[in-house]
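Source file: start00.cif (mmCIF, C-alpha atoms)
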data_model
#
loop_
_atom_site.label_atom_id
_atom_site.label_comp_id
_atom_site.auth_asym_id
_atom_site.auth_seq_id
_atom_site.Cartn_x
_atom_site.Cartn_y
_atom_site.Cartn_z
CA GLY A 1 217.22 131.39 71.43
CA ALA A 2 220.28 133.33 70.25
CA VAL A 3 218.80 134.75 67.08
CA VAL A 4 220.42 137.50 65.05
CA SER A 5 218.44 139.30 62.39
CA GLN A 6 219.56 141.52 59.56
CA HIS A 7 217.53 144.03 57.66
CA PRO A 8 217.13 144.27 54.79
CA SER A 9 217.88 140.83 53.42
CA ARG A 10 218.36 142.24 49.94
CA VAL A 11 218.85 145.77 48.73
CA ILE A 12 219.50 147.35 45.38
CA CYS A 13 220.72 150.91 45.29
CA LYS A 14 222.08 153.29 42.72
CA SER A 15 225.69 154.23 42.53
CA GLY A 16 226.48 157.23 44.72
CA THR A 17 223.72 156.66 47.24
CA SER A 18 224.06 155.35 50.79
CA VAL A 19 222.47 152.28 52.26
CA LYS A 20 222.08 151.22 55.88
CA ILE A 21 222.08 147.62 57.07
CA GLU A 22 220.82 146.73 60.53
CA CYS A 23 221.99 143.87 62.69
CA ARG A 24 219.93 142.99 65.75
CA SER A 25 220.34 140.41 68.48
CA LEU A 26 216.74 139.45 69.20
CA ASP A 27 216.92 137.54 72.45
CA PHE A 28 220.29 138.32 73.98
CA GLN A 29 222.58 141.23 74.63
CA ALA A 30 225.70 141.64 72.56
CA THR A 31 228.58 143.84 73.63
CA THR A 32 230.40 143.03 70.42
CA MET A 33 229.17 142.66 66.89
CA PHE A 34 231.27 141.78 63.88
CA TRP A 35 230.72 142.76 60.26
CA TYR A 36 231.92 140.47 57.50
CA ARG A 37 231.86 140.81 53.73
CA GLN A 38 231.70 137.93 51.32
CA PHE A 39 232.25 138.27 47.58
CA PRO A 40 230.85 135.58 45.29
CA LYS A 41 232.59 132.24 45.71
CA GLN A 42 234.95 133.68 48.27
CA SER A 43 235.38 133.45 52.00
CA LEU A 44 234.12 135.76 54.70
CA MET A 45 236.43 138.64 55.42
CA LEU A 46 236.13 140.59 58.64
CA MET A 47 235.53 144.26 57.99
CA ALA A 48 235.21 145.65 61.47
CA THR A 49 234.47 144.91 65.10
CA SER A 50 231.76 146.94 66.72
CA ASN A 51 231.70 147.41 70.47
CA GLU A 52 228.69 148.94 72.15
CA GLY A 53 229.26 152.54 73.11
CA SER A 54 232.65 152.92 71.47
CA LYS A 55 234.15 153.42 68.04
CA ALA A 56 234.41 150.46 65.75
CA THR A 57 237.74 148.82 65.03
CA TYR A 58 238.34 148.42 61.32
CA GLU A 59 240.49 145.79 59.67
CA GLN A 60 243.38 146.87 57.53
CA GLY A 61 242.28 148.04 54.11
CA VAL A 62 238.69 148.81 55.10
CA GLU A 63 237.76 152.47 54.66
CA LYS A 64 236.12 153.64 57.86
CA ASP A 65 234.69 156.73 56.19
CA LYS A 66 232.99 154.60 53.59
CA PHE A 67 231.68 151.89 55.88
CA LEU A 68 230.19 153.65 58.87
CA ILE A 69 229.43 151.44 61.84
CA ASN A 70 227.33 152.41 64.80
CA HIS A 71 226.66 150.20 67.82
CA ALA A 72 224.36 152.35 69.89
CA SER A 73 222.78 149.66 72.03
CA LEU A 74 223.43 146.11 73.23
CA THR A 75 221.07 144.75 70.61
CA LEU A 76 221.66 146.86 67.53
CA SER A 77 224.56 147.63 65.24
CA THR A 78 224.27 149.35 61.87
CA LEU A 79 226.54 149.38 58.85
CA THR A 80 226.11 152.26 56.43
CA VAL A 81 227.74 152.00 53.03
CA THR A 82 228.24 155.57 51.91
CA SER A 83 228.51 156.70 48.30
CA ALA A 84 228.11 153.14 47.16
CA HIS A 85 229.83 151.90 44.01
CA PRO A 86 229.24 148.72 42.02
CA GLU A 87 232.39 147.18 43.55
CA ASP A 88 230.68 147.42 46.96
CA SER A 89 228.14 144.87 45.77
CA SER A 90 228.57 141.95 48.10
CA PHE A 91 227.01 139.77 50.78
CA TYR A 92 227.32 141.42 54.18
CA ILE A 93 227.02 139.25 57.28
CA CYS A 94 226.97 140.35 60.87
CA SER A 95 227.55 138.29 63.98
CA ALA A 96 226.92 139.06 67.61
CA ARG A 97 228.89 137.89 70.61
CA GLU A 98 226.83 137.22 73.67
CA VAL A 99 227.64 139.12 76.85
CA ILE A 100 227.16 136.32 79.33
CA THR A 101 229.06 133.42 77.85
CA ALA A 102 231.46 135.73 76.03
CA TYR A 103 232.56 133.22 73.47
CA GLU A 104 229.38 132.24 71.72
CA GLN A 105 228.98 134.09 68.44
CA TYR A 106 225.81 134.01 66.41
CA PHE A 107 225.48 134.95 62.75
CA GLY A 108 222.77 136.88 61.01
CA PRO A 109 221.27 135.65 57.74
CA GLY A 110 223.18 138.19 55.67
CA THR A 111 222.28 141.12 53.43
CA ARG A 112 222.87 141.02 49.72
CA LEU A 113 223.75 144.46 48.41
CA THR A 114 223.67 145.21 44.71
CA VAL A 115 224.83 148.61 43.52
CA THR A 116 223.77 149.52 39.99
CA ALA Y 1 249.04 136.10 62.46
CA GLN Y 2 246.31 133.54 62.25
CA LYS Y 3 245.62 131.56 59.14
CA VAL Y 4 243.20 128.84 58.12
CA THR Y 5 243.77 126.80 54.99
CA GLN Y 6 241.22 124.63 53.27
CA ALA Y 7 243.18 123.21 50.41
CA GLN Y 8 240.20 121.59 48.69
CA THR Y 9 238.37 124.22 46.69
CA GLU Y 10 235.70 121.89 45.35
CA ILE Y 11 234.76 118.30 46.03
CA SER Y 12 232.23 116.30 44.08
CA VAL Y 13 230.91 112.95 45.31
CA VAL Y 14 228.06 110.63 44.62
CA GLU Y 15 225.41 110.13 47.25
CA LYS Y 16 226.32 107.63 50.00
CA GLU Y 17 230.02 108.18 49.59
CA ASP Y 18 232.05 109.32 52.56
CA VAL Y 19 233.86 112.62 52.17
CA THR Y 20 236.50 114.37 54.26
CA LEU Y 21 237.06 118.10 54.22
CA ASP Y 22 240.50 119.18 55.31
CA CYS Y 23 241.37 122.16 57.48
CA VAL Y 24 244.84 123.25 58.58
CA TYR Y 25 245.37 126.23 60.83
CA GLU Y 26 248.16 128.43 62.11
CA THR Y 27 248.19 130.36 65.36
CA ARG Y 28 250.67 131.35 68.02
CA ASP Y 29 248.06 131.19 70.75
CA THR Y 30 247.96 128.25 73.11
CA THR Y 31 244.26 128.75 73.72
CA TYR Y 32 242.02 128.97 70.71
CA TYR Y 33 238.79 127.67 69.26
CA LEU Y 34 238.08 125.97 65.98
CA PHE Y 35 234.77 125.96 64.17
CA TRP Y 36 233.06 124.44 61.18
CA TYR Y 37 230.18 126.19 59.45
CA LYS Y 38 227.94 125.14 56.59
CA GLN Y 39 226.72 127.75 54.12
CA PRO Y 40 223.87 126.51 51.92
CA PRO Y 41 222.81 128.44 48.79
CA SER Y 42 220.60 130.69 50.92
CA GLY Y 43 223.78 132.18 52.35
CA GLU Y 44 223.04 131.84 56.04
CA LEU Y 45 225.85 130.29 58.02
CA VAL Y 46 224.92 127.17 59.94
CA PHE Y 47 227.04 126.40 62.98
CA LEU Y 48 228.24 122.77 63.05
CA ILE Y 49 230.82 122.50 65.80
CA ARG Y 50 233.14 124.38 68.14
CA ARG Y 51 236.24 122.79 69.61
CA ASN Y 52 238.68 124.34 72.03
CA SER Y 53 242.40 123.76 71.81
CA PHE Y 54 242.54 121.68 74.98
CA ASP Y 55 240.05 119.11 73.83
CA GLU Y 56 241.53 116.74 71.27
CA GLN Y 57 238.86 114.13 71.50
CA ASN Y 58 237.24 113.31 68.23
CA GLU Y 59 233.57 114.04 68.00
CA ILE Y 60 230.74 112.34 66.19
CA SER Y 61 227.31 113.78 65.59
CA GLY Y 62 225.14 111.59 63.44
CA ARG Y 63 226.77 111.36 60.01
CA TYR Y 64 229.27 114.08 60.91
CA SER Y 65 232.58 113.51 62.61
CA TRP Y 66 235.57 115.69 63.35
CA ASN Y 67 239.21 114.79 63.82
CA PHE Y 68 241.27 117.35 65.73
CA GLN Y 69 245.04 116.83 65.80
CA LYS Y 70 247.13 119.54 67.42
CA SER Y 71 250.35 117.85 66.35
CA THR Y 72 249.53 118.57 62.71
CA SER Y 73 247.35 121.66 63.36
CA SER Y 74 244.47 120.04 61.57
CA PHE Y 75 240.74 119.90 62.21
CA ASN Y 76 239.22 117.69 59.53
CA PHE Y 77 235.53 117.10 58.96
CA THR Y 78 234.07 113.87 57.62
CA ILE Y 79 230.57 113.31 56.32
CA THR Y 80 229.61 109.65 56.24
CA ALA Y 81 227.10 108.40 53.69
CA SER Y 82 226.73 111.81 52.09
CA GLN Y 83 223.36 113.06 50.94
CA VAL Y 84 222.29 115.60 48.34
CA VAL Y 85 221.24 117.95 51.15
CA ASP Y 86 224.85 118.08 52.27
CA SER Y 87 225.70 120.10 49.16
CA ALA Y 88 226.93 123.47 50.41
CA VAL Y 89 230.05 125.48 51.08
CA TYR Y 90 231.81 124.45 54.26
CA PHE Y 91 234.04 126.82 56.17
CA CYS Y 92 236.58 126.09 58.84
CA ALA Y 93 237.32 129.00 61.18
CA LEU Y 94 239.70 129.88 63.98
CA ARG Y 95 239.10 132.17 66.91
CA ASP Y 96 241.92 133.26 69.11
CA ASN Y 97 241.82 134.13 72.76
CA ALA Y 98 243.55 137.45 72.49
CA GLY Y 99 241.99 140.38 74.28
CA GLY Y 100 241.40 143.82 72.93
CA THR Y 101 238.59 145.34 70.97
CA SER Y 102 238.54 142.59 68.33
CA TYR Y 103 238.30 139.78 70.85
CA GLY Y 104 236.34 136.92 69.44
CA LYS Y 105 236.81 137.65 65.76
CA LEU Y 106 236.94 134.65 63.46
CA THR Y 107 239.44 133.92 60.75
CA PHE Y 108 237.84 131.83 58.03
CA GLY Y 109 239.37 129.42 55.59
CA GLN Y 110 238.67 129.79 51.90
CA GLY Y 111 235.83 127.33 52.03
CA THR Y 112 235.22 124.01 50.29
CA ILE Y 113 232.33 123.65 47.87
CA LEU Y 114 230.83 120.23 48.32
CA THR Y 115 228.51 118.87 45.67
CA VAL Y 116 226.75 115.60 46.31
CA HIS Y 117 225.21 114.05 43.21
CA PRO Y 118 222.23 111.71 43.39
#
Let me see the structure of the file written as structure tokens.
Amino acid sequence: GAVVSQHPSRVICKSGTSVKIECRSLDFQATTMFWYRQFPKQSLMLMATSNEGSKATYEQGVEKDKFLINHASLTLSTLTVTSAHPEDSSFYICSAREVITAYEQYFGPGTRLTVT
Amino acid sequence: AQKVTQAQTEISVVEKEDVTLDCVYETRDTTYYLFWYKQPPSGELVFLIRRNSFDEQNEISGRYSWNFQKSTSSFNFTITASQVVDSAVYFCALRDNAGGTSYGKLTFGQGTILTVHP
């Protein structure tokens, strides 16, 4: 149990276009989902916290108008990178916090975004 | 502010050697959780252990063991008799117990790249 999926696993898009990444909790409900970004050979940096039914909370330095987060249900959160630029190329990882136990957090497999 | 420091950027060992990965953390919370994750080349994070701040007992799981010392704010990870399959990036992470909309967020260390040579 406790599986988190991400779609797509890899995506290549052209500069200036937008791309949407989905994060789903497959067998549990998640009131909170987290979005992390990882540049090559670097650590995971939290971008934003997504709570179901409310606006996302963005970390300092993360442009909320560029990285749109929607958490419309207890099993789905989406991250849309708008007007993508090559510097947005990165590995994006989501995690989902389970409602019941409240402290277990499960990670998705990640999405590798390449902007050309 | 929370901080996790993994001072070892890269470690290289030969198979069957023991290796210890260091993790030092900073937090003002009295209740917190510490984690270790493994990230193989595929990129997916593999959960290894969670330890809460009130449990200082060392833990052993097969070839893995963890040493948690609150007095030095350290949570070190040892792999005994390392194997090539242990090659990966290992992250130590800290989760506070603060409330609010970001409750549960993890602060990661910089990661340690472990390479085990045959």
Just to confirm, what's the straight-line distance from CA of Gly108 in chain A to CA of His7 in chain A in Å (one decimal)?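 Atom-to-atom, CA of Gly108 in chain A to CA of His7 in chain A, that is 9.5 Å.
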Convert the output of the PyMOL selection byres ((chain Y) within 7 of (chain A)) on the shown file into explicit residues, formatted as a PyMOL selection string. chain Y and resi 43-45+101-102+104+108-111
Once the PyMOL selection byres ((chain Y and resi 2) around 12) has been evaluated on this model, what residues remain selected, and can you format them as a CSV table (one decimal) with C-alpha atoms, in the frame of the given file?
chain,number,residue,atom,x,y,z
Y,1,ALA,CA,249.0,136.1,62.5
Y,3,LYS,CA,245.6,131.6,59.1
Y,4,VAL,CA,243.2,128.8,58.1
Y,5,THR,CA,243.8,126.8,55.0
Y,24,VAL,CA,244.8,123.2,58.6
Y,25,TYR,CA,245.4,126.2,60.8
Y,26,GLU,CA,248.2,128.4,62.1
Y,27,THR,CA,248.2,130.4,65.4
Y,28,ARG,CA,250.7,131.4,68.0
Y,29,ASP,CA,248.1,131.2,70.8
Y,32,TYR,CA,242.0,129.0,70.7
Y,33,TYR,CA,238.8,127.7,69.3
Y,34,LEU,CA,238.1,126.0,66.0
Y,73,SER,CA,247.4,121.7,63.4
Y,93,ALA,CA,237.3,129.0,61.2
Y,94,LEU,CA,239.7,129.9,64.0
Y,95,ARG,CA,239.1,132.2,66.9
Y,96,ASP,CA,241.9,133.3,69.1
Y,97,ASN,CA,241.8,134.1,72.8
Y,98,ALA,CA,243.6,137.4,72.5
Y,105,LYS,CA,236.8,137.6,65.8
Y,106,LEU,CA,236.9,134.6,63.5
Y,107,THR,CA,239.4,133.9,60.8
Y,108,PHE,CA,237.8,131.8,58.0
Y,109,GLY,CA,239.4,129.4,55.6
Can you translate the PyMOL selection byres ((chain Y and resi 86) around 12) into the concrete residues it hits in this file, as a PyMOL selection string? chain Y and resi 11-19+38-41+46+63-64+78-85+87-90+113-118
Atomic distance CA of Ile69 in chain A - CA of Glu22 in chain A, expressed in Å with one decimal: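 These atoms are spaced 9.9 Å apart.
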CA of Phe91 in chain Y and CA of Ser90 in chain A are how many Å apart?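 Spanning CA of Phe91 in chain Y to CA of Ser90 in chain A is a straight-line distance of 18.0 Å.
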Give me, as a list in words, all polymer residues having an atom no more than 10 Å from Lys20 in chain A, counting only C-alpha atoms and skipping those fewer than 4 positions away in the same chain. His7, Pro8, Val11, Phe67, Leu68, Ile69, Thr78, Leu79, Thr80, Val81 and Thr82 of chain A
Produce a file of the selected residues containing C-alpha atoms, as an mmCIF file, in the frame of the given file.
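The resulting file, part01.cif, is shown below:
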data_model
loop_
_atom_site.group_PDB
_atom_site.id
_atom_site.type_symbol
_atom_site.label_atom_id
_atom_site.label_comp_id
_atom_site.auth_asym_id
_atom_site.auth_seq_id
_atom_site.Cartn_x
_atom_site.Cartn_y
_atom_site.Cartn_z
ATOM 1 C CA HIS A 7 217.530 144.030 57.660
ATOM 2 C CA PRO A 8 217.130 144.270 54.790
ATOM 3 C CA VAL A 11 218.850 145.770 48.730
ATOM 4 C CA PHE A 67 231.680 151.890 55.880
ATOM 5 C CA LEU A 68 230.190 153.650 58.870
ATOM 6 C CA ILE A 69 229.430 151.440 61.840
ATOM 7 C CA THR A 78 224.270 149.350 61.870
ATOM 8 C CA LEU A 79 226.540 149.380 58.850
ATOM 9 C CA THR A 80 226.110 152.260 56.430
ATOM 10 C CA VAL A 81 227.740 152.000 53.030
ATOM 11 C CA THR A 82 228.240 155.570 51.910
#
With distances taken over only C-alpha atoms, which residue among Y:Thr112, Y:Ser65, Y:Ser42, Y:Ser74 lies nearest Gln8 in chain Y? Y:Thr112
Could you put an axis-aligned box around every listed atom of range 68-80 of chain A, padded by 3 Å on each side, and send me its centre and edge lengths in Å to one decimal, as lines of an AutoDock Vina configuration file?
center_x = 225.6
center_y = 149.2
center_z = 64.8
size_x = 15.1
size_y = 14.9
size_z = 22.8
Neighbour residues at most 7 Å from (221.6, 152.4, 41.5) (only C-alpha atoms) as a list of chain:residue names: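 Protein, DNA and RNA residues close to (221.6, 152.4, 41.5): A:Ile12, A:Cys13, A:Lys14, A:Ser15, A:Val115, A:Thr116.
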Tell me which of Y:Cys92, Y:Phe35, Y:Asn67, Y:Asp22 sits closest to Arg51 in chain Y, counting only C-alpha atoms.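 Selected residue with least distance to Arg51 in chain Y: Y:Phe35.
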At a cut-off of 8 Å, using all atoms listed in the file, what residues contact Ser25 in chain A? Leave out same-chain residues fewer than 6 positions from it and give the result as a count of residues only. 7
Name all residues at most 8 Å from Gly53 in chain A (count only C-alpha atoms; drop same-chain ones fewer than 6 positions away) and give them as an NGL selection string. :A and (71-73)
